[in-house]
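K.L.:
Just one file: data.txt, with compact mmCIF, C-alpha atoms and all ligand atoms.
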```
# COMPACT_ATOMS: atom_id res chain seq x y z
CA ALA A 1 -6.46 21.39 -5.18
CA SER A 2 -5.81 17.85 -4.03
CA SER A 3 -5.73 17.11 -0.35
CA ASP A 4 -1.97 16.55 -0.66
CA THR A 5 -1.54 20.32 -0.76
CA ILE A 6 -3.38 20.92 2.50
CA SER A 7 -1.10 21.17 5.46
CA ILE A 8 -2.15 19.27 8.54
CA GLN A 9 -3.96 21.57 10.86
CA ILE A 10 -4.95 19.99 14.09
CA PHE A 11 -8.18 21.85 14.58
CA VAL A 12 -10.38 22.68 11.62
CA PRO A 13 -13.10 25.33 12.28
CA ARG A 14 -16.55 23.86 11.58
CA GLU A 15 -17.45 26.89 9.40
CA SER A 16 -14.77 25.96 6.90
CA LEU A 17 -16.56 22.70 6.05
CA ILE A 18 -19.49 22.42 3.68
CA MET A 19 -20.99 18.98 4.14
CA LYS A 20 -22.17 17.07 1.07
CA GLU A 21 -23.52 13.54 0.65
CA VAL A 22 -22.95 10.49 2.86
CA ILE A 23 -20.29 8.23 1.31
CA GLY A 24 -20.01 5.52 3.92
CA GLU A 25 -21.14 4.20 7.27
CA GLY A 26 -18.68 3.90 10.10
CA GLU A 27 -19.15 2.15 13.40
CA PHE A 28 -20.02 5.35 15.28
CA GLY A 29 -21.44 7.61 12.59
CA SER A 30 -21.66 8.36 8.89
CA VAL A 31 -18.79 9.39 6.65
CA TYR A 32 -19.51 12.41 4.42
CA LYS A 33 -17.97 14.03 1.44
CA ALA A 34 -17.36 17.72 2.19
CA ILE A 35 -15.73 20.83 0.79
CA TYR A 36 -12.98 22.25 2.96
CA GLN A 37 -12.28 25.95 2.51
CA THR A 38 -8.84 26.76 3.82
CA ARG A 39 -7.92 30.14 5.24
CA SER A 40 -5.92 30.94 2.14
CA GLY A 41 -9.11 30.55 0.13
CA THR A 42 -8.44 27.25 -1.63
CA GLU A 43 -11.10 24.57 -1.65
CA ALA A 44 -10.59 20.85 -1.49
CA GLU A 45 -12.87 17.85 -1.37
CA VAL A 46 -12.38 15.90 1.84
CA ALA A 47 -13.95 12.99 3.72
CA VAL A 48 -15.46 13.75 7.12
CA LYS A 49 -15.86 10.89 9.56
CA THR A 50 -18.40 11.79 12.23
CA MET A 51 -18.78 10.45 15.72
CA HIS A 52 -22.13 11.18 17.27
CA SER A 53 -21.90 12.61 20.78
CA SER A 54 -23.98 9.70 22.15
CA HIS A 55 -20.94 7.52 21.42
CA MET A 56 -18.48 10.17 22.53
CA LEU A 57 -18.65 9.45 26.25
CA SER A 58 -17.50 5.86 25.91
CA ASN A 59 -15.41 6.20 22.77
CA ARG A 60 -13.88 9.65 22.94
CA ASP A 61 -10.45 8.32 23.78
CA SER A 62 -10.37 5.85 20.92
CA PHE A 63 -11.55 8.54 18.50
CA LEU A 64 -8.75 10.85 19.62
CA GLU A 65 -6.25 7.99 19.66
CA GLU A 66 -7.11 7.17 16.06
CA ALA A 67 -6.62 10.83 15.11
CA GLU A 68 -3.37 11.02 17.04
CA VAL A 69 -1.91 7.98 15.32
CA MET A 70 -2.98 9.19 11.87
CA MET A 71 -1.69 12.71 12.49
CA LYS A 72 1.89 11.47 12.59
CA LEU A 73 1.73 9.55 9.33
CA ASN A 74 2.63 10.87 5.91
CA HIS A 75 2.75 8.27 3.17
CA HIS A 76 1.00 7.92 -0.19
CA CYS A 77 -0.27 4.44 0.71
CA ILE A 78 -1.92 5.63 3.94
CA VAL A 79 -5.05 7.79 4.16
CA LYS A 80 -4.03 11.25 5.38
CA LEU A 81 -5.63 12.96 8.31
CA ILE A 82 -6.20 16.67 7.71
CA GLY A 83 -7.53 17.55 11.13
CA ILE A 84 -10.30 17.21 13.66
CA SER A 85 -13.30 19.40 14.34
CA GLU A 86 -16.46 19.50 16.39
CA ASP A 87 -20.06 20.51 15.92
CA SER A 88 -23.23 20.45 18.01
CA LYS A 89 -23.76 16.76 17.18
CA GLY A 90 -20.30 15.45 17.96
CA SER A 91 -16.73 15.13 16.76
CA LEU A 92 -15.46 15.16 13.20
CA MET A 93 -12.33 13.68 11.69
CA ILE A 94 -11.34 15.31 8.41
CA GLN A 95 -9.42 13.02 6.07
CA GLU A 96 -8.12 13.03 2.56
CA LEU A 97 -11.00 11.97 0.26
CA VAL A 98 -10.25 8.59 -1.27
CA PRO A 99 -12.72 8.74 -4.16
CA LEU A 100 -13.35 5.10 -5.09
CA GLY A 101 -14.09 4.05 -1.50
CA SER A 102 -13.50 0.61 -0.05
CA MET A 103 -11.40 -1.86 -2.07
CA LEU A 104 -13.66 -4.72 -0.92
CA THR A 105 -16.78 -3.02 -2.28
CA PHE A 106 -14.96 -2.18 -5.51
CA ILE A 107 -13.86 -5.79 -6.04
CA LEU A 108 -17.37 -7.09 -5.32
CA ARG A 109 -18.98 -4.58 -7.70
CA HIS A 110 -16.45 -4.65 -10.53
CA PRO A 111 -14.78 -8.07 -10.57
CA ASP A 112 -14.34 -7.59 -14.33
CA GLN A 113 -12.03 -4.60 -13.65
CA VAL A 114 -9.85 -6.54 -11.23
CA ASN A 115 -7.06 -8.54 -12.80
CA VAL A 116 -5.00 -11.10 -10.83
CA ASP A 117 -1.96 -10.13 -12.90
CA TYR A 118 -2.25 -6.40 -12.59
CA GLU A 119 -4.60 -4.56 -10.21
CA LEU A 120 -4.31 -7.10 -7.40
CA PRO A 121 -0.49 -7.22 -7.23
CA VAL A 122 -0.32 -3.42 -7.60
CA TRP A 123 -2.68 -2.95 -4.65
CA ALA A 124 -0.92 -5.68 -2.65
CA SER A 125 2.46 -4.00 -3.18
CA GLN A 126 1.04 -0.64 -2.10
CA ILE A 127 -0.54 -2.10 1.04
CA ALA A 128 2.77 -3.82 1.88
CA CYS A 129 4.61 -0.54 1.24
CA GLY A 130 2.31 1.39 3.59
CA MET A 131 2.58 -1.37 6.21
CA GLN A 132 6.36 -1.27 5.99
CA TYR A 133 6.15 2.46 6.70
CA LEU A 134 3.90 1.78 9.72
CA GLU A 135 6.37 -0.83 10.98
CA THR A 136 9.21 1.69 10.70
CA ASN A 137 7.11 4.10 12.73
CA LYS A 138 6.42 1.43 15.34
CA ILE A 139 2.71 1.26 14.77
CA VAL A 140 0.64 -1.90 14.68
CA HIS A 141 -2.57 -1.56 12.70
CA ARG A 142 -4.53 -4.49 14.19
CA ASP A 143 -7.39 -4.24 11.70
CA LEU A 144 -5.85 -4.86 8.30
CA ALA A 145 -8.62 -6.28 6.07
CA ALA A 146 -9.94 -5.66 2.55
CA ARG A 147 -12.78 -3.53 3.98
CA ASN A 148 -10.20 -1.13 5.44
CA ILE A 149 -8.28 -0.52 2.24
CA LEU A 150 -9.56 2.43 0.18
CA LEU A 151 -8.91 3.11 -3.49
CA ALA A 152 -7.91 6.57 -4.66
CA THR A 153 -7.80 5.37 -8.26
CA ARG A 154 -7.68 1.94 -9.84
CA HIS A 155 -3.93 2.24 -9.46
CA GLN A 156 -3.62 3.50 -5.90
CA ALA A 157 -4.66 1.69 -2.73
CA LYS A 158 -4.45 3.32 0.71
CA ILE A 159 -4.61 1.87 4.20
CA SER A 160 -7.33 3.36 6.39
CA ASP A 161 -9.17 2.80 9.64
CA PHE A 162 -6.66 3.29 12.40
CA GLY A 163 -9.35 2.76 15.05
CA LEU A 164 -7.59 -0.25 16.55
CA SER A 165 -4.02 0.81 15.81
CA ARG A 166 -1.48 1.25 18.58
CA ASN A 167 1.82 2.94 19.04
CA LEU A 168 4.44 0.43 20.10
CA SER A 169 6.75 3.09 21.55
CA ASP A 170 9.92 1.17 22.37
CA ASN A 171 8.45 -2.30 22.41
CA LYS A 172 8.33 -4.81 19.63
CA GLU A 173 4.95 -6.08 20.74
CA TYR A 174 1.80 -4.77 22.22
CA TYR A 175 -0.37 -6.71 24.63
CA MET A 176 -4.05 -6.03 24.77
CA ALA A 177 -6.36 -7.26 27.47
CA THR A 178 -8.72 -9.75 25.85
CA LYS A 179 -11.82 -8.29 27.46
CA GLY A 180 -14.56 -6.62 25.47
CA GLY A 181 -14.38 -5.18 21.99
CA ARG A 182 -15.28 -7.08 18.86
CA TRP A 183 -12.13 -8.61 17.47
CA PRO A 184 -11.80 -9.51 13.80
CA VAL A 185 -10.69 -13.05 14.76
CA LYS A 186 -10.77 -14.36 11.17
CA TRP A 187 -7.98 -11.88 10.38
CA TYR A 188 -6.03 -12.48 13.62
CA SER A 189 -2.90 -14.49 14.25
CA PRO A 190 -2.88 -17.24 16.89
CA GLU A 191 -0.68 -15.18 19.25
CA SER A 192 -3.21 -12.35 19.00
CA TYR A 193 -6.35 -14.29 19.95
CA ASN A 194 -4.49 -16.58 22.39
CA TYR A 195 -2.37 -14.04 24.25
CA GLY A 196 -3.57 -10.62 23.07
CA LYS A 197 -0.14 -10.14 21.50
CA PHE A 198 0.16 -7.75 18.54
CA SER A 199 3.19 -6.93 16.41
CA SER A 200 4.09 -6.25 12.81
CA ALA A 201 4.24 -10.04 12.43
CA SER A 202 0.57 -10.31 13.48
CA ASP A 203 -0.24 -7.55 10.96
CA VAL A 204 1.52 -9.78 8.36
CA TRP A 205 -0.91 -12.60 9.22
CA SER A 206 -3.84 -10.18 8.60
CA PHE A 207 -2.18 -9.08 5.37
CA GLY A 208 -2.29 -12.73 4.24
CA VAL A 209 -6.03 -12.89 4.94
CA THR A 210 -6.48 -9.58 3.09
CA LEU A 211 -4.67 -11.09 0.10
CA TRP A 212 -6.98 -14.08 0.25
CA GLU A 213 -10.03 -11.75 0.16
CA MET A 214 -8.57 -9.92 -2.83
CA TYR A 215 -7.71 -13.02 -4.88
CA SER A 216 -11.08 -14.62 -4.11
CA TYR A 217 -12.87 -11.50 -5.42
CA GLY A 218 -14.20 -10.42 -2.07
CA GLN A 219 -15.35 -13.67 -0.50
CA GLN A 220 -15.79 -13.83 3.25
CA PRO A 221 -12.82 -15.70 4.77
CA PHE A 222 -13.96 -18.94 6.46
CA GLY A 223 -17.50 -18.29 5.19
CA GLU A 224 -20.12 -18.54 7.90
CA MET A 225 -17.81 -20.21 10.43
CA ARG A 226 -17.81 -18.79 13.93
CA GLY A 227 -14.68 -17.39 15.57
CA ALA A 228 -14.21 -20.41 17.85
CA GLU A 229 -14.37 -22.81 14.90
CA VAL A 230 -11.83 -20.76 12.95
CA ILE A 231 -9.44 -20.88 15.90
CA GLU A 232 -9.80 -24.67 16.03
CA GLU A 233 -9.11 -24.99 12.28
CA ILE A 234 -5.94 -22.89 12.57
CA ASN A 235 -4.76 -24.87 15.62
CA ASP A 236 -5.29 -28.09 13.64
CA GLY A 237 -2.93 -26.72 11.01
CA ASN A 238 -5.65 -25.96 8.44
CA ARG A 239 -5.58 -22.75 6.43
CA LEU A 240 -7.76 -20.90 3.93
CA GLU A 241 -7.67 -22.70 0.58
CA LYS A 242 -6.16 -21.32 -2.59
CA PRO A 243 -8.74 -19.16 -4.39
CA ASP A 244 -9.38 -20.55 -7.91
CA ASP A 245 -7.79 -17.67 -9.81
CA CYS A 246 -4.88 -17.11 -7.43
CA PRO A 247 -1.43 -17.79 -8.93
CA VAL A 248 0.45 -20.50 -7.00
CA PRO A 249 3.41 -18.26 -5.96
CA VAL A 250 0.95 -15.74 -4.48
CA TYR A 251 -0.80 -18.49 -2.53
CA GLN A 252 2.56 -19.77 -1.26
CA MET A 253 3.22 -16.26 0.04
CA MET A 254 -0.16 -16.25 1.83
CA GLU A 255 0.74 -19.57 3.45
CA ARG A 256 3.98 -18.07 4.72
CA CYS A 257 2.01 -15.17 6.24
CA TRP A 258 0.05 -17.84 8.17
CA GLU A 259 3.05 -19.59 9.72
CA TYR A 260 2.09 -20.42 13.30
CA ASP A 261 5.50 -19.23 14.47
CA GLN A 262 5.54 -15.46 13.94
CA ASN A 263 9.30 -15.45 13.31
CA ARG A 264 8.86 -17.57 10.20
CA ARG A 265 6.51 -15.12 8.48
CA PRO A 266 7.82 -12.80 5.74
CA SER A 267 8.44 -9.14 6.57
CA PHE A 268 6.48 -6.35 4.89
CA SER A 269 9.62 -5.39 3.04
CA GLU A 270 9.88 -8.89 1.53
CA LEU A 271 6.16 -8.79 0.70
CA TYR A 272 6.57 -5.42 -0.97
CA ASP A 273 9.46 -6.68 -3.12
CA PHE A 274 7.54 -9.80 -4.08
CA PHE A 275 4.40 -7.97 -5.26
CA ALA A 276 6.30 -5.12 -6.88
CA SER A 277 8.22 -7.70 -8.93
CA LEU A 278 4.91 -9.18 -10.11
CA THR A 279 3.76 -5.83 -11.47
CA ASN A 280 6.89 -4.27 -12.92
CA TYR A 281 5.29 -1.19 -11.52
CA GLU A 282 8.20 0.87 -10.26
CA ASN A 283 6.28 3.87 -8.98
CA VAL A 284 4.52 2.27 -6.10
CA ARG A 285 7.10 3.20 -3.47
P1 LIG A 301 -15.30 2.59 10.85
O1 LIG A 301 -13.86 2.54 11.22
O2 LIG A 301 -16.11 3.29 11.88
O3 LIG A 301 -15.87 1.28 10.44
P2 LIG A 301 -14.46 3.48 8.26
O4 LIG A 301 -13.29 4.34 8.47
O5 LIG A 301 -14.21 2.06 7.87
O6 LIG A 301 -15.39 3.52 9.55
O7 LIG A 301 -15.40 4.17 7.18
C1 LIG A 301 -16.61 3.57 6.73
C2 LIG A 301 -16.75 3.73 5.21
O8 LIG A 301 -16.70 5.10 4.83
C3 LIG A 301 -15.59 3.08 4.42
O9 LIG A 301 -15.84 1.74 4.14
C4 LIG A 301 -15.56 3.92 3.14
O10 LIG A 301 -16.54 3.45 2.23
C5 LIG A 301 -15.96 5.29 3.64
N1 LIG A 301 -14.75 6.11 3.93
C6 LIG A 301 -14.08 6.19 5.11
N2 LIG A 301 -13.03 7.04 5.03
C7 LIG A 301 -13.02 7.51 3.76
C8 LIG A 301 -12.16 8.42 3.04
N3 LIG A 301 -11.11 9.01 3.63
N4 LIG A 301 -12.45 8.66 1.73
C9 LIG A 301 -13.50 8.04 1.13
N5 LIG A 301 -14.34 7.19 1.75
C10 LIG A 301 -14.11 6.92 3.05
```
Now that the file is in, can you turn its structure into C-alpha cells?
Ligand code: ADP
P.N.:
Amino acid sequence: ASSDTISIQIFVPRESLIMKEVIGEGEFGSVYKAIYQTRSGTEAEVAVKTMHSSHMLSNRDSFLEEAEVMMKLNHHCIVKLIGISEDSKGSLMIQELVPLGSMLTFILRHPDQVNVDYELPVWASQIACGMQYLETNKIVHRDLAARNILLATRHQAKISDFGLSRNLSDNKEYYMATKGGRWPVKWYSPESYNYGKFSSASDVWSFGVTLWEMYSYGQQPFGEMRGAEVIEEINDGNRLEKPDDCPVPVYQMMERCWEYDQNRRPSFSELYDFFASLTNYENVR
C-alpha cells in the first residue's frame, strides 16, 4: 500500500513501526526507512524522522510545531505527515516515504538524468503548485531550498522540511525576532534579513534561489561568500548570474523573484502557470 492510503493518525504506537536503514541525516537526528503496520493489518514503507531526547528539551516546541503545520496539509506536492510517536530515545515523526530522497543530491549525482527542458520545469511547476497551496493555507515555509525538495519519482517533486514554517493566521506577514537560529541568508529576501519579515513573497524570493540551484546542477548559490557579503551584493543591486544551461525566459523569471520590492515579484500561481506551460505536463496540479 502506498502511504496515500494511510489515514493521518496523530499518535502512532511505537510497536507498529519496524525500523530499517538510515536514509538521511537531519539536524537533530537520523531519518530512517521503516515499515508501518496499521491496525487493519496493512503495511507501508514510511520515513521516520527522529529527534534525540538530548535535543528535545530545547527543541521540543519546534518539533511539535513542525508536526502541527504538516498535519494540516494534504497535497501531492507536499510531503505528508502520517503521525508522531515516541520511544525511549526521543520523539519520532512518521512521514510519507519519498523514495529518491533530496532533489539536490539527485541533481548532483545524476546530472545526466536532469534535463533543462523537461525534469527541471516539471519539478519547478510542482514546487510552485505546492507553494501556492501553502499560500492559500496561510503558511510561510521560510526554508525553501533545493536541499528541502524531495523526489518521489523522477516526475514528482515534493516540498519537505517544515521546521521553520509558520502559520500566518490572519496576517499577511510574519515577523521573527532576528536573534539566534541559523538563517539560510543566501535564500532570504532583503525584507527577511533586514526586518525579520516573512510572507509568501519572501518564499517567492527563496523559490528563485532554488531555481538557480536546479538550473546550475546543484551549485552552491554565491559560492563561498559569507552571509554579510551576500547581503551587500544584493543591496548593490547584484544578483546570481544566469547558469550556463538555463534558458533566458527562466532566468528572467528568477530575476523577477529577486525584485527588491516584494510587491513586484511574481505570485506562485503565475510561477506555476509559467513552468507548467514549459512542460506541457498537464497532470502536475
Ligand atoms: P532536517 O530538517 O533536520 O535537516 P530533513 O527533513 O531535511 O532534516 O531530512 C534530512 C534528510 O533525510 C533529507 O535530506 C532526505 O535525504 C531524508 N529525508 C527526510 N524526510 C524524508 C522522507 N519523508 N522520505 C525520504 N527521505 C527523507
K.L.:
Measuring atom to atom with only C-alpha atoms, identify which of A:Glu213, A:Glu173, A:Arg154, A:Gly227 is nearest to His110 in chain A.
P.N.:
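Closest candidate: A:Arg154.
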K.L.:
Can you write out as a Markdown table which residues of chain A fall within 10 Å of ligand LIG 301 (chain A), alongside each residue's closest atom pair and its distance in Å to one decimal, counting all atoms listed in the file and ordering rows by chain and ascending residue number?
P.N.:
```
| residue | atom | partner | partner_atom | distance |
| --- | --- | --- | --- | --- |
| A:Val22 | CA | A:LIG301 | O8 | 8.5 |
| A:Ile23 | CA | A:LIG301 | C5 | 5.7 |
| A:Gly24 | CA | A:LIG301 | O8 | 3.5 |
| A:Glu25 | CA | A:LIG301 | C1 | 4.6 |
| A:Gly26 | CA | A:LIG301 | O2 | 3.2 |
| A:Glu27 | CA | A:LIG301 | O2 | 3.6 |
| A:Phe28 | CA | A:LIG301 | O2 | 5.6 |
| A:Gly29 | CA | A:LIG301 | O2 | 6.9 |
| A:Ser30 | CA | A:LIG301 | O8 | 7.2 |
| A:Val31 | CA | A:LIG301 | O8 | 5.1 |
| A:Tyr32 | CA | A:LIG301 | N5 | 7.8 |
| A:Lys33 | CA | A:LIG301 | C9 | 7.5 |
| A:Glu45 | CA | A:LIG301 | N4 | 9.7 |
| A:Val46 | CA | A:LIG301 | N3 | 7.2 |
| A:Ala47 | CA | A:LIG301 | N3 | 4.9 |
| A:Val48 | CA | A:LIG301 | N3 | 7.3 |
| A:Lys49 | CA | A:LIG301 | N2 | 6.6 |
| A:Thr50 | CA | A:LIG301 | O2 | 8.8 |
| A:Met51 | CA | A:LIG301 | O2 | 8.6 |
| A:Phe63 | CA | A:LIG301 | O2 | 9.6 |
| A:Glu66 | CA | A:LIG301 | O1 | 9.5 |
| A:Ile78 | CA | A:LIG301 | N3 | 9.8 |
| A:Val79 | CA | A:LIG301 | N3 | 6.2 |
| A:Lys80 | CA | A:LIG301 | N3 | 7.6 |
| A:Leu81 | CA | A:LIG301 | N3 | 8.2 |
| A:Ile82 | CA | A:LIG301 | N3 | 10.0 |
| A:Met93 | CA | A:LIG301 | N3 | 9.4 |
| A:Ile94 | CA | A:LIG301 | N3 | 7.9 |
| A:Gln95 | CA | A:LIG301 | N3 | 5.0 |
| A:Glu96 | CA | A:LIG301 | N3 | 5.1 |
| A:Leu97 | CA | A:LIG301 | N4 | 3.9 |
| A:Val98 | CA | A:LIG301 | N4 | 3.7 |
| A:Pro99 | CA | A:LIG301 | C9 | 5.4 |
| A:Leu100 | CA | A:LIG301 | C9 | 6.9 |
| A:Gly101 | CA | A:LIG301 | O10 | 4.5 |
| A:Ser102 | CA | A:LIG301 | O10 | 4.7 |
| A:Met103 | CA | A:LIG301 | O9 | 8.4 |
| A:Leu104 | CA | A:LIG301 | O9 | 8.5 |
| A:Thr105 | CA | A:LIG301 | O10 | 7.9 |
| A:Phe106 | CA | A:LIG301 | O10 | 9.7 |
| A:Asp143 | CA | A:LIG301 | O1 | 9.4 |
| A:Ala146 | CA | A:LIG301 | O9 | 9.6 |
| A:Arg147 | CA | A:LIG301 | O9 | 6.1 |
| A:Asn148 | CA | A:LIG301 | O5 | 5.7 |
| A:Ile149 | CA | A:LIG301 | O9 | 8.1 |
| A:Leu150 | CA | A:LIG301 | C4 | 6.9 |
| A:Leu151 | CA | A:LIG301 | C9 | 8.2 |
| A:Ala152 | CA | A:LIG301 | N4 | 8.1 |
| A:Lys158 | CA | A:LIG301 | N3 | 9.2 |
| A:Ile159 | CA | A:LIG301 | N3 | 9.7 |
| A:Ser160 | CA | A:LIG301 | O4 | 6.4 |
| A:Asp161 | CA | A:LIG301 | O4 | 4.6 |
| A:Phe162 | CA | A:LIG301 | O1 | 7.3 |
| A:Gly163 | CA | A:LIG301 | O1 | 5.9 |
| A:Leu164 | CA | A:LIG301 | O1 | 8.7 |
```
K.L.:
May I have the residues within 7 Å of Ala128 in chain A as a VMD selection string, using all atoms listed in the file and disregarding those fewer than 5 positions away in the same chain?
P.N.:
chain A and resid 268 271 to 272
K.L.:
At a cut-off of 12 Å, using only C-alpha atoms, what residues contact Ile10 in chain A? Leave out same-chain residues fewer than 3 positions from it and give the result as a VMD selection string.
P.N.:
chain A and resid 6 to 7 13 64 67 to 68 70 to 72 81 to 86 92 to 95
K.L.:
Please report the interatomic distance between CA of Lys89 in chain A and CA of Ser40 in chain A in Å with one decimal.
P.N.:
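Interatomic distance here is 27.3 Å.
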K.L.:
Expressed in Å to a single decimal, how great is the separation between CA of Gly208 in chain A and CA of Trp258 in chain A?
P.N.:
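Pair CA of Gly208 in chain A / CA of Trp258 in chain A returns 6.9 Å.
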K.L.:
Tell me, in Å to one decimal, how far CA of Tyr175 in chain A is from CA of Cys129 in chain A.
P.N.:
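Computed distance, CA of Tyr175 in chain A to CA of Cys129 in chain A, equals 24.7 Å.
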K.L.:
Give the answer as one residue: which of A:Tyr195, A:Ser267, A:Met19, A:Ser91 has the shortest atom-to-atom distance to Ser53 in chain A, using only C-alpha atoms?
P.N.:
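Closest candidate: A:Ser91.
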K.L.:
Just checking: using all atoms listed in the file, which residue out of A:Val116, A:Pro190, A:Ser165, A:Phe275 ends up closest to Glu233 in chain A?
P.N.:
A:Pro190
K.L.:
For Leu144 in chain A, list every protein, DNA or RNA residue within 7 Å, evaluated using all atoms listed in the file, and leave out those in the same chain fewer than 2 positions away; present the list as a count of residues only.
P.N.:
6
K.L.:
Can you save range 131-155 of chain A of the given block to a file, including C-alpha atoms and formatted as a JSON list (two decimals), in the first residue's frame?
P.N.:
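Heads up, here's the output in part-v5.json:
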```json
[["chain", "number", "residue", "atom", "x", "y", "z"],
["A", 131, "MET", "CA", 3.76, 26.63, -2.56],
["A", 132, "GLN", "CA", 0.54, 28.05, -3.96],
["A", 133, "TYR", "CA", -1.33, 25.57, -1.77],
["A", 134, "LEU", "CA", 0.72, 26.69, 1.26],
["A", 135, "GLU", "CA", -0.05, 30.32, 0.46],
["A", 136, "THR", "CA", -3.77, 29.53, 0.30],
["A", 137, "ASN", "CA", -3.44, 27.90, 3.71],
["A", 138, "LYS", "CA", -1.62, 30.95, 5.07],
["A", 139, "ILE", "CA", 1.64, 29.19, 5.75],
["A", 140, "VAL", "CA", 5.08, 30.60, 5.07],
["A", 141, "HIS", "CA", 7.73, 27.94, 4.58],
["A", 142, "ARG", "CA", 10.85, 30.05, 5.31],
["A", 143, "ASP", "CA", 13.31, 27.35, 4.24],
["A", 144, "LEU", "CA", 12.57, 26.70, 0.59],
["A", 145, "ALA", "CA", 15.82, 25.41, -0.97],
["A", 146, "ALA", "CA", 16.86, 22.56, -3.28],
["A", 147, "ARG", "CA", 18.01, 20.51, -0.26],
["A", 148, "ASN", "CA", 14.45, 20.60, 1.11],
["A", 149, "ILE", "CA", 12.73, 19.30, -2.01],
["A", 150, "LEU", "CA", 12.37, 15.50, -2.13],
["A", 151, "LEU", "CA", 11.73, 13.37, -5.20],
["A", 152, "ALA", "CA", 9.12, 10.63, -5.11],
["A", 153, "THR", "CA", 9.92, 9.69, -8.70],
["A", 154, "ARG", "CA", 11.77, 11.45, -11.48],
["A", 155, "HIS", "CA", 8.42, 13.03, -12.29]]
```
